[in-house]
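The file work18.txt contains compact mmCIF, C-alpha atoms:
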# COMPACT_ATOMS: atom_id res chain seq x y z
CA MET A 1 -55.78 46.92 -41.07
CA GLU A 2 -55.91 44.95 -37.84
CA GLU A 3 -53.44 42.38 -39.16
CA ALA A 4 -51.03 45.15 -40.17
CA LEU A 5 -51.18 46.61 -36.65
CA LYS A 6 -50.45 43.20 -35.14
CA GLU A 7 -47.49 42.73 -37.49
CA LEU A 8 -46.20 46.20 -36.63
CA ASP A 9 -46.53 45.45 -32.92
CA CYS A 10 -44.59 42.21 -33.40
CA ILE A 11 -41.79 44.07 -35.20
CA ARG A 12 -41.65 46.61 -32.37
CA ARG A 13 -41.26 43.84 -29.81
CA GLN A 14 -38.47 42.26 -31.83
CA ILE A 15 -36.66 45.60 -32.08
CA LYS A 16 -37.09 46.13 -28.36
CA ASN A 17 -35.69 42.68 -27.61
CA VAL A 18 -32.67 43.32 -29.84
CA GLN A 19 -32.11 46.67 -28.12
CA SER A 20 -32.36 45.01 -24.70
CA ARG A 21 -29.81 42.38 -25.68
CA GLN A 22 -27.44 44.98 -27.07
CA SER A 23 -27.85 47.07 -23.93
CA ALA A 24 -27.13 44.05 -21.71
CA LYS A 25 -24.09 43.24 -23.83
CA ARG A 26 -22.81 46.81 -23.45
CA ARG A 27 -23.35 46.63 -19.69
CA LEU A 28 -21.39 43.37 -19.51
CA ALA A 29 -18.60 44.90 -21.57
CA VAL A 30 -18.44 47.98 -19.34
CA GLN A 31 -18.48 45.86 -16.18
CA ALA A 32 -15.79 43.48 -17.43
CA GLU A 33 -13.69 46.38 -18.74
CA PHE A 34 -13.91 48.06 -15.35
CA LEU A 35 -12.94 44.93 -13.41
CA VAL A 36 -10.39 43.34 -15.76
CA PRO A 37 -7.69 45.31 -17.64
CA ARG A 38 -7.73 44.87 -21.40
CA PRO A 39 -4.41 42.91 -21.70
CA LEU A 40 -5.58 40.49 -19.02
CA GLN A 41 -8.92 39.94 -20.74
CA LYS A 42 -7.32 38.20 -23.70
CA ARG A 43 -5.21 36.00 -21.44
CA VAL A 44 -8.36 34.97 -19.55
CA LEU A 45 -10.15 34.22 -22.82
CA LEU A 46 -7.20 32.11 -24.00
CA VAL A 47 -7.28 30.06 -20.79
CA TYR A 48 -11.04 29.70 -21.23
CA MET A 49 -10.57 28.36 -24.77
CA TYR A 50 -7.52 26.17 -24.03
CA SER A 51 -9.39 24.52 -21.13
CA GLY A 52 -12.23 23.46 -23.40
CA HIS A 53 -14.43 26.44 -22.45
CA CYS A 54 -14.32 25.59 -18.75
CA SER A 55 -15.24 28.72 -16.82
CA GLN A 56 -13.95 27.24 -13.55
CA VAL A 57 -10.39 26.94 -14.89
CA ALA A 58 -10.44 30.46 -16.33
CA ALA A 59 -11.95 31.76 -13.07
CA GLU A 60 -9.09 30.17 -11.11
CA PHE A 61 -6.59 31.87 -13.45
CA LEU A 62 -8.33 35.23 -12.93
CA ARG A 63 -8.49 34.73 -9.17
CA ARG A 64 -4.74 34.11 -9.06
CA CYS A 65 -4.15 37.25 -11.12
CA PHE A 66 -6.18 39.26 -8.59
CA ALA A 67 -4.61 37.59 -5.54
CA GLY A 68 -3.79 40.32 -3.04
CA CYS A 69 -5.78 42.93 -4.95
CA GLN A 70 -7.74 45.00 -2.43
CA ALA A 71 -10.28 46.22 -4.97
CA ALA A 72 -11.18 42.69 -6.02
CA ALA A 73 -11.53 41.64 -2.39
CA GLU A 74 -13.84 44.54 -1.65
CA GLU A 75 -15.95 43.82 -4.74
CA SER A 76 -16.29 40.12 -3.70
CA MET A 77 -15.91 39.22 -7.35
CA ASP A 78 -17.75 36.28 -8.85
CA TYR A 79 -14.87 35.19 -11.07
CA GLU A 80 -16.84 32.66 -13.10
CA ALA A 81 -19.46 35.30 -13.91
CA VAL A 82 -16.75 37.75 -14.95
CA VAL A 83 -15.19 35.15 -17.28
CA GLU A 84 -18.53 34.42 -18.91
CA ASP A 85 -19.26 38.14 -19.23
CA LEU A 86 -15.91 38.69 -20.93
CA TYR A 87 -16.60 35.92 -23.42
CA LEU A 88 -20.12 37.19 -24.18
CA ALA A 89 -18.93 40.78 -24.56
CA ALA A 90 -15.94 39.99 -26.78
CA PRO A 91 -16.35 40.80 -30.50
CA LEU A 92 -16.78 37.78 -32.74
CA ASP A 93 -13.71 38.57 -34.85
CA GLU A 94 -11.58 38.70 -31.68
CA ILE A 95 -12.87 35.29 -30.58
CA VAL A 96 -12.04 33.87 -34.02
CA ASP A 97 -8.52 35.37 -33.93
CA LEU A 98 -7.87 33.96 -30.47
CA GLU A 99 -9.05 30.53 -31.61
CA THR A 100 -7.16 30.40 -34.92
CA ALA A 101 -4.16 32.77 -34.68
CA PRO A 102 -3.65 33.93 -31.08
CA LEU A 103 -0.11 35.24 -31.65
CA THR A 104 -1.47 37.91 -34.02
CA CYS A 105 -3.56 39.54 -31.29
CA VAL A 106 -1.72 38.80 -28.02
CA ARG A 107 1.89 38.83 -26.93
CA THR A 108 3.79 35.55 -27.01
CA SER A 109 4.31 35.76 -23.24
CA ASP A 110 0.54 36.04 -22.68
CA ALA A 111 -0.21 33.00 -24.85
CA LEU A 112 2.60 31.09 -23.13
CA ALA A 113 1.20 31.96 -19.68
CA ALA A 114 -2.28 30.78 -20.73
CA MET A 115 -0.92 27.50 -22.11
CA GLU A 116 1.25 26.74 -19.08
CA PHE A 117 -1.56 27.53 -16.65
CA THR A 118 -3.96 25.22 -18.49
CA VAL A 119 -1.43 22.36 -18.51
CA GLN A 120 -0.51 22.88 -14.85
CA GLN A 121 -4.16 23.07 -13.76
CA LYS A 122 -4.89 19.72 -15.42
CA LEU A 123 -1.72 18.27 -13.90
CA HIS A 124 -2.68 19.47 -10.41
CA SER A 125 -6.19 18.00 -10.70
CA TRP A 126 -4.71 14.67 -11.85
CA VAL A 127 -2.18 14.57 -8.99
CA ALA A 128 -4.89 15.38 -6.44
CA SER A 129 -7.09 12.64 -7.90
CA LEU A 130 -4.28 10.05 -7.72
CA ASN A 131 -3.46 11.06 -4.13
CA THR A 132 -7.01 10.95 -2.80
CA GLU A 133 -8.74 8.31 -4.94
CA LYS A 134 -5.95 5.82 -5.67
CA GLY A 135 -3.43 6.48 -2.90
CA VAL A 136 -0.62 7.09 -5.40
CA ALA A 137 2.03 9.85 -5.42
CA PRO A 138 3.12 10.12 -9.09
CA SER A 139 6.81 10.21 -9.98
CA ARG A 140 8.62 12.77 -12.14
CA SER A 141 8.37 10.62 -15.26
CA MET A 142 4.63 10.07 -14.76
CA MET A 143 3.97 13.79 -14.29
CA VAL A 144 6.05 14.78 -17.32
CA ALA A 145 4.24 12.20 -19.49
CA TYR A 146 0.83 13.44 -18.31
CA ALA A 147 1.76 17.09 -18.95
CA MET A 148 2.95 16.19 -22.45
CA ASP A 149 -0.33 14.43 -23.23
CA ASN A 150 -2.43 17.37 -22.02
CA ILE A 151 -1.02 20.30 -23.97
CA PRO A 152 -4.14 21.87 -25.57
CA SER A 153 -4.52 21.05 -29.26
CA ALA A 154 -5.35 24.70 -30.05
CA VAL A 155 -1.92 25.91 -28.88
CA PRO A 156 0.27 27.26 -31.74
CA ASP A 157 3.07 24.92 -32.82
CA GLU A 158 5.85 27.33 -31.81
CA LEU A 159 4.54 27.53 -28.23
CA ARG A 160 3.93 23.80 -28.05
CA ALA A 161 7.47 23.09 -29.27
CA GLY A 162 8.96 25.18 -26.46
CA LEU A 163 7.08 23.33 -23.72
CA VAL A 164 7.71 19.94 -25.32
CA GLN A 165 11.43 20.73 -25.48
CA ARG A 166 11.51 21.50 -21.74
CA LEU A 167 9.49 18.43 -20.82
CA ASN A 168 11.54 16.20 -23.12
CA GLY A 169 14.81 17.73 -21.99
CA SER A 170 17.32 16.66 -19.39
CA PRO A 171 16.21 15.44 -15.95
CA ARG A 172 17.47 18.76 -14.55
CA ALA A 173 15.18 20.75 -16.89
CA GLN A 174 12.24 18.53 -15.94
CA ARG A 175 12.96 18.98 -12.23
CA LYS A 176 13.11 22.78 -12.64
CA TRP A 177 9.75 22.85 -14.45
CA LEU A 178 8.14 20.59 -11.84
CA ALA A 179 9.67 22.61 -8.99
CA ARG A 180 8.01 25.73 -10.36
CA PHE A 181 4.74 23.81 -10.71
CA ARG A 182 4.91 22.63 -7.08
CA ARG A 183 5.69 26.15 -5.89
CA GLN A 184 2.72 27.66 -7.73
CA TRP A 185 0.25 24.92 -6.82
CA GLN A 186 1.38 24.25 -3.23
CA CYS A 187 2.57 20.68 -3.80
CA ARG A 188 5.58 18.94 -2.30
CA VAL A 189 7.80 15.93 -2.87
CA GLY A 190 7.06 13.34 -0.21
CA ARG A 191 5.38 10.10 0.71
CA LEU A 192 1.72 9.47 1.36
CA PRO A 193 0.91 8.57 4.98
CA VAL A 194 1.30 4.90 5.87
CA GLU A 195 -2.34 4.80 7.02
CA ASP A 196 -3.36 5.21 3.38
CA VAL A 197 -1.68 1.96 2.27
CA VAL A 198 -4.64 -0.30 3.03
CA THR A 199 -7.06 2.23 1.57
CA ALA A 200 -4.96 2.45 -1.58
CA PHE A 201 -4.87 -1.35 -1.86
CA TRP A 202 -8.66 -1.62 -1.73
CA GLN A 203 -9.04 1.30 -4.14
CA TRP A 204 -6.82 -0.47 -6.70
CA ILE A 205 -8.66 -3.77 -6.17
CA ASN A 206 -12.02 -2.04 -6.61
CA PHE A 207 -10.72 -0.32 -9.74
CA ALA A 208 -9.51 -3.63 -11.22
CA TRP A 209 -12.79 -5.31 -10.26
CA ALA A 210 -14.77 -2.56 -11.97
CA GLU A 211 -12.64 -2.95 -15.12
CA ALA A 212 -13.35 -6.70 -15.09
CA GLU A 213 -17.09 -6.09 -14.85
CA GLU A 214 -16.90 -3.53 -17.64
CA ALA A 215 -15.11 -6.08 -19.83
CA LYS A 216 -17.70 -8.70 -18.80
CA GLU A 217 -14.96 -10.98 -17.48
CA THR A 218 -14.74 -12.91 -14.21
CA PRO A 219 -11.93 -11.67 -11.91
CA LEU A 220 -9.23 -14.14 -10.87
CA VAL A 221 -7.12 -12.78 -8.00
CA LEU A 222 -3.64 -14.31 -7.59
CA ASN A 223 -1.16 -13.57 -4.82
CA ALA A 224 2.53 -14.29 -5.47
CA ASP A 225 5.20 -14.09 -2.78
CA GLU A 226 8.44 -15.63 -1.50
CA THR A 227 9.15 -17.44 1.75
CA CYS A 228 12.31 -18.83 3.33
CA ILE A 229 13.02 -22.58 3.66
CA ALA A 230 15.73 -23.43 6.18
CA TRP A 231 18.47 -25.88 5.17
CA VAL A 232 18.32 -28.26 8.16
CA LYS A 233 20.05 -31.63 8.54
CA GLY A 234 19.76 -34.36 11.18
CA LEU A 235 16.13 -34.05 12.24
CA SER A 236 15.80 -37.82 12.63
CA GLY A 237 17.58 -39.38 15.64
CA THR A 238 17.68 -39.28 19.42
CA VAL A 239 15.78 -36.37 20.98
CA ALA A 240 16.23 -35.58 24.69
CA LYS A 241 13.24 -34.46 26.71
CA THR A 242 13.69 -30.89 27.95
CA THR A 243 11.79 -28.46 30.12
CA GLN A 244 10.05 -25.44 28.69
CA ALA A 245 12.86 -23.22 29.95
CA ARG A 246 15.39 -25.19 27.89
CA CYS A 247 13.40 -25.45 24.67
CA ALA A 248 15.21 -25.10 21.36
CA ALA A 249 16.05 -21.57 20.24
CA ASP A 250 16.89 -20.13 16.84
CA ARG A 251 20.61 -19.39 16.93
CA ALA A 252 21.37 -19.75 13.23
CA SER A 253 24.46 -17.88 12.05
CA LEU A 254 24.50 -15.47 9.11
CA ALA A 255 26.18 -18.12 6.94
CA GLN A 256 23.48 -20.63 7.85
CA ARG A 257 20.70 -18.15 7.09
CA ARG A 258 22.28 -17.37 3.72
CA SER A 259 22.20 -21.07 2.86
CA ASN A 260 18.38 -21.16 3.11
CA PHE A 261 16.23 -21.94 0.10
CA THR A 262 13.47 -19.65 -1.22
CA LEU A 263 10.01 -20.80 -2.22
CA LEU A 264 8.41 -18.53 -4.84
CA ALA A 265 4.77 -19.53 -5.15
CA CYS A 266 1.35 -18.26 -6.10
CA ILE A 267 -2.04 -18.91 -4.52
CA CYS A 268 -5.65 -18.22 -5.44
CA ALA A 269 -9.07 -18.89 -3.95
CA GLU A 270 -10.21 -21.34 -6.66
CA SER A 271 -9.34 -24.96 -5.85
CA ARG A 272 -9.53 -26.15 -9.48
CA ILE A 273 -6.97 -23.53 -10.59
CA GLN A 274 -4.57 -23.78 -7.64
CA PRO A 275 -2.90 -27.04 -8.87
CA LEU A 276 -2.07 -25.30 -12.16
CA LEU A 277 -0.06 -22.51 -10.52
CA PRO A 278 3.74 -22.84 -10.64
CA GLN A 279 6.08 -23.05 -7.64
CA PHE A 280 9.77 -22.22 -7.87
CA ILE A 281 12.27 -23.51 -5.29
CA LEU A 282 15.36 -21.31 -5.52
CA VAL A 283 18.57 -22.96 -4.28
CA ASN A 284 22.19 -21.92 -4.04
CA LYS A 285 24.46 -23.98 -6.29
CA ARG A 286 26.83 -24.48 -3.34
CA GLN A 287 24.07 -26.28 -1.43
CA ILE A 288 23.07 -28.80 -4.10
CA THR A 289 25.09 -30.50 -6.83
CA MET A 290 23.94 -31.11 -10.39
CA LYS A 291 23.68 -34.83 -9.62
CA GLU A 292 21.48 -34.19 -6.60
CA LEU A 293 19.40 -31.75 -8.65
CA ALA A 294 18.73 -34.43 -11.27
CA VAL A 295 17.50 -36.79 -8.54
CA VAL A 296 15.30 -34.11 -6.96
CA LYS A 297 13.69 -33.15 -10.26
CA GLY A 298 12.36 -36.68 -10.63
CA LEU A 299 10.60 -36.42 -7.27
CA LEU A 300 8.92 -33.06 -7.78
CA PRO A 301 5.12 -32.73 -7.98
CA PRO A 302 3.59 -31.12 -11.08
CA GLN A 303 4.20 -27.40 -11.65
CA THR A 304 7.10 -27.38 -9.16
CA TYR A 305 10.54 -26.40 -10.39
CA VAL A 306 13.97 -26.22 -8.73
CA VAL A 307 16.10 -23.32 -9.93
CA ARG A 308 19.81 -23.65 -9.10
CA GLY A 309 21.82 -20.43 -9.26
CA GLN A 310 24.47 -18.19 -7.74
CA SER A 311 22.05 -17.22 -4.98
CA ALA A 312 18.81 -18.51 -3.51
CA TRP A 313 17.41 -14.97 -3.45
CA CYS A 314 14.69 -13.90 -5.87
CA SER A 315 15.79 -11.48 -8.59
CA HIS A 316 14.25 -9.53 -11.49
CA GLU A 317 15.27 -12.29 -13.93
CA LEU A 318 13.81 -15.08 -11.79
CA LEU A 319 10.57 -13.19 -11.27
CA ARG A 320 10.24 -12.69 -15.03
CA ARG A 321 10.75 -16.44 -15.52
CA PHE A 322 8.10 -17.09 -12.89
CA LEU A 323 5.63 -14.72 -14.59
CA THR A 324 6.22 -16.50 -17.91
CA ALA A 325 5.53 -19.88 -16.28
CA LEU A 326 2.44 -18.42 -14.60
CA ALA A 327 1.07 -17.11 -17.90
CA THR A 328 1.69 -20.48 -19.57
CA SER A 329 -0.04 -22.42 -16.78
CA LEU A 330 -3.09 -20.14 -16.84
CA GLU A 331 -3.52 -20.24 -20.61
CA PRO A 332 -6.08 -23.12 -20.58
CA VAL A 333 -8.34 -21.30 -18.08
CA SER A 334 -7.71 -17.65 -18.99
CA HIS A 335 -10.58 -17.28 -21.48
CA GLY A 336 -13.19 -14.94 -20.05
CA ARG A 337 -11.10 -14.26 -16.94
CA TYR A 338 -9.68 -10.91 -15.78
CA ILE A 339 -6.44 -11.87 -14.01
CA ILE A 340 -5.31 -9.67 -11.09
CA LEU A 341 -1.81 -10.45 -9.77
CA LEU A 342 -0.88 -9.13 -6.31
CA LEU A 343 2.78 -8.54 -5.42
CA ASP A 344 4.23 -6.80 -2.39
CA CYS A 345 6.73 -3.94 -2.61
CA ALA A 346 9.92 -6.00 -2.30
CA ALA A 347 12.85 -4.56 -4.24
CA CYS A 348 12.91 -7.48 -6.68
CA HIS A 349 9.27 -6.75 -7.62
CA LEU A 350 9.70 -3.02 -8.28
CA HIS A 351 11.47 -2.82 -11.60
CA ASP A 352 10.49 -1.51 -15.03
CA SER A 353 11.39 -4.85 -16.64
CA ILE A 354 8.81 -6.60 -14.42
CA ARG A 355 6.07 -4.17 -15.43
CA SER A 356 6.90 -4.36 -19.14
CA HIS A 357 7.16 -8.17 -18.99

File written out as structure tokens:
Amino acid sequence: MEEALKELDCIRRQIKNVQSRQSAKRRLAVQAEFLVPRPLQKRVLLVYMYSGHCSQVAAEFLRRCFAGCQAAAEESMDYEAVVEDLYLAAPLDEIVDLETAPLTCVRTSDALAAMEFTVQQKLHSWVASLNTEKGVAPSRSMMVAYAMDNIPSAVPDELRAGLVQRLNGSPRAQRKWLARFRRQWQCRVGRLPVEDVVTAFWQWINFAWAEAEEAKETPLVLNADETCIAWVKGLSGTVAKTTQARCAADRASLAQRRSNFTLLACICAESRIQPLLPQFILVNKRQITMKELAVVKGLLPPQTYVVRGQSAWCSHELLRRFLTALATSLEPVSHGRYIILLLDCAACHLHDSIRSH
């Protein structure tokens, strides 16, 4: 008899717990229904699902929907709590429909708004991260590529195709989509402050160093740059003694400056590797004949090359040739090394062919 009473008491407690949970669920449903209109609830739930069940993203969507709403301001709404309450109070069949076939239970415009918000929120977070952590302001092509890669996988194909078509469309269509994104997320087209340049440099170096450590490789930092070599004749001969006030001054003409050579070289901090690094001397073909070039080539130290061309300026093609020579020279010592090449922002360095090479 005593055991039966204990079992009955246990069943009563279980029933009471179930009733309490059902009552709490009804309270959540009533509260969410009162605060959030029914059509908006499904949009919020879609954002919640498309964002990988991130309540912060869905709360931001809900906050923007209530922007300027006096009632919401007076209630001091906890948007994350409201999102979670909506999800807990939603019937299971509705959750399943939203996950598997959202267009059967919401309007196309609502599903489209949820998808675009999720993509734009991820894009904004990525842009902010690049700006603050890496000192980079992404270009249109970078932003379009990132948006394409972050369309939620749960989005129906017909909605995905529409966004993909806009992002893959003409540059004008891409600019219009990004202009709307910047308007909604308070972004602008501009340049990062100059003061951030040094910070950005060290952030990229630290990032590359961390990648090297993760790959268990030893970093090798190389710095490549160009410098001018003046074409000067007649340095040996009679030199008159002058006062400091009459010392020699640089009065080279434009034609003389254009006749200068260019040294394209690379340096590193390791003395055993430095002799392996190539050096290119770029000369104008009007300054040196083929016969003179043949003589000079026989006098050059190892890894030094004279390149005779239309101009002594560095170009995309010459830099690609230099990078090929650099890769070849480093091949014997590249095993187990993480090579970091530093280049400044000269116009001849900033080209897609250089990056792909």

task = Pick out the residues sitting within 8 Å of Asn223 of chain A, and hand them over as a list of chain:residue names; count all atoms listed in the file, and ignore anything fewer than 5 positions along from it in its own chain.
result =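 Answer for this query is A:Cys266, A:Ile267, A:Cys268, A:Leu341, A:Leu342, A:Leu343.
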
| query | From the list A:Met143, A:Val47, A:Ile95, A:Ala294, which residue is nearest Val155 of chain A when using only C-alpha atoms? | reply |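 With only C-alpha atoms as the atom set, the closest residue is A:Val47.
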
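Distance-wise, atom CA of Phe280 of chain A and atom CA of Ala265 of chain A end up 6.3 Å apart.
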
Separating atom CA of Glu84 of chain A from atom CA of Leu159 of chain A, to the nearest tenth of an Å, is a gap of 25.8 Å

**Message:** What's around Gly135 of chain A at 7 Å? Count only C-alpha atoms, leave out sequence neighbours fewer than 3 positions away in its own chain, and write the answer as an MDAnalysis selection string.
**Reply:** chainID A and resid 130:132 196 200

Since the input lacks some atoms of segment 187-217 of chain A, please model N, CA and C atoms and print them as a CSV table (one decimal), in the coordinates of the input.
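Saved result, selection_32.csv, follows:
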chain,number,residue,atom,x,y,z
A,187,CYS,N,2.3,22.1,-3.9
A,187,CYS,CA,2.6,20.7,-3.8
A,187,CYS,C,4.0,20.5,-3.2
A,188,ARG,N,4.3,19.3,-2.9
A,188,ARG,CA,5.6,18.9,-2.3
A,188,ARG,C,6.0,17.5,-2.7
A,189,VAL,N,7.3,17.3,-2.6
A,189,VAL,CA,7.8,15.9,-2.9
A,189,VAL,C,7.8,15.2,-1.5
A,190,GLY,N,7.1,14.1,-1.5
A,190,GLY,CA,7.1,13.3,-0.2
A,190,GLY,C,6.4,12.0,-0.4
A,191,ARG,N,6.1,11.4,0.7
A,191,ARG,CA,5.4,10.1,0.7
A,191,ARG,C,4.0,10.3,1.3
A,192,LEU,N,3.1,9.5,0.8
A,192,LEU,CA,1.7,9.5,1.4
A,192,LEU,C,1.8,8.8,2.7
A,193,PRO,N,0.9,9.2,3.6
A,193,PRO,CA,0.9,8.6,5.0
A,193,PRO,C,0.7,7.1,4.9
A,194,VAL,N,1.4,6.4,5.8
A,194,VAL,CA,1.3,4.9,5.9
A,194,VAL,C,-0.1,4.4,6.0
A,195,GLU,N,-1.0,5.2,6.8
A,195,GLU,CA,-2.3,4.8,7.0
A,195,GLU,C,-3.1,4.6,5.7
A,196,ASP,N,-2.6,5.3,4.6
A,196,ASP,CA,-3.4,5.2,3.4
A,196,ASP,C,-3.1,3.9,2.6
A,197,VAL,N,-2.1,3.1,3.1
A,197,VAL,CA,-1.7,2.0,2.3
A,197,VAL,C,-2.8,1.0,2.1
A,198,VAL,N,-3.5,0.7,3.1
A,198,VAL,CA,-4.6,-0.3,3.0
A,198,VAL,C,-5.8,0.3,2.2
A,199,THR,N,-6.0,1.6,2.4
A,199,THR,CA,-7.1,2.2,1.6
A,199,THR,C,-6.7,2.2,0.1
A,200,ALA,N,-5.4,2.5,-0.2
A,200,ALA,CA,-5.0,2.4,-1.6
A,200,ALA,C,-5.1,1.0,-2.2
A,201,PHE,N,-4.8,0.0,-1.4
A,201,PHE,CA,-4.9,-1.4,-1.9
A,201,PHE,C,-6.3,-1.7,-2.3
A,202,TRP,N,-7.3,-1.3,-1.4
A,202,TRP,CA,-8.7,-1.6,-1.7
A,202,TRP,C,-9.2,-0.8,-2.9
A,203,GLN,N,-8.6,0.5,-3.0
A,203,GLN,CA,-9.0,1.3,-4.1
A,203,GLN,C,-8.6,0.7,-5.5
A,204,TRP,N,-7.3,0.2,-5.5
A,204,TRP,CA,-6.8,-0.5,-6.7
A,204,TRP,C,-7.6,-1.8,-7.0
A,205,ILE,N,-7.9,-2.5,-6.0
A,205,ILE,CA,-8.7,-3.8,-6.2
A,205,ILE,C,-10.0,-3.4,-6.7
A,206,ASN,N,-10.7,-2.4,-6.1
A,206,ASN,CA,-12.0,-2.0,-6.6
A,206,ASN,C,-12.0,-1.5,-8.1
A,207,PHE,N,-10.9,-0.8,-8.4
A,207,PHE,CA,-10.7,-0.3,-9.7
A,207,PHE,C,-10.6,-1.5,-10.7
A,208,ALA,N,-9.7,-2.5,-10.3
A,208,ALA,CA,-9.5,-3.6,-11.2
A,208,ALA,C,-10.8,-4.4,-11.3
A,209,TRP,N,-11.5,-4.6,-10.2
A,209,TRP,CA,-12.8,-5.3,-10.3
A,209,TRP,C,-13.8,-4.6,-11.2
A,210,ALA,N,-13.8,-3.3,-11.1
A,210,ALA,CA,-14.8,-2.6,-12.0
A,210,ALA,C,-14.4,-2.7,-13.4
A,211,GLU,N,-13.1,-2.7,-13.7
A,211,GLU,CA,-12.6,-3.0,-15.1
A,211,GLU,C,-13.0,-4.3,-15.6
A,212,ALA,N,-13.0,-5.3,-14.7
A,212,ALA,CA,-13.4,-6.7,-15.1
A,212,ALA,C,-14.8,-6.8,-15.4
A,213,GLU,N,-15.6,-6.1,-14.6
A,213,GLU,CA,-17.1,-6.1,-14.8
A,213,GLU,C,-17.4,-5.4,-16.1
A,214,GLU,N,-16.7,-4.3,-16.4
A,214,GLU,CA,-16.9,-3.5,-17.6
A,214,GLU,C,-16.6,-4.4,-18.9
A,215,ALA,N,-15.5,-5.2,-18.7
A,215,ALA,CA,-15.1,-6.1,-19.8
A,215,ALA,C,-15.9,-7.4,-19.9
A,216,LYS,N,-16.9,-7.5,-18.9
A,216,LYS,CA,-17.7,-8.7,-18.8
A,216,LYS,C,-16.9,-10.0,-18.6
A,217,GLU,N,-15.8,-9.9,-17.8
A,217,GLU,CA,-15.0,-11.0,-17.5
A,217,GLU,C,-15.0,-11.3,-16.0
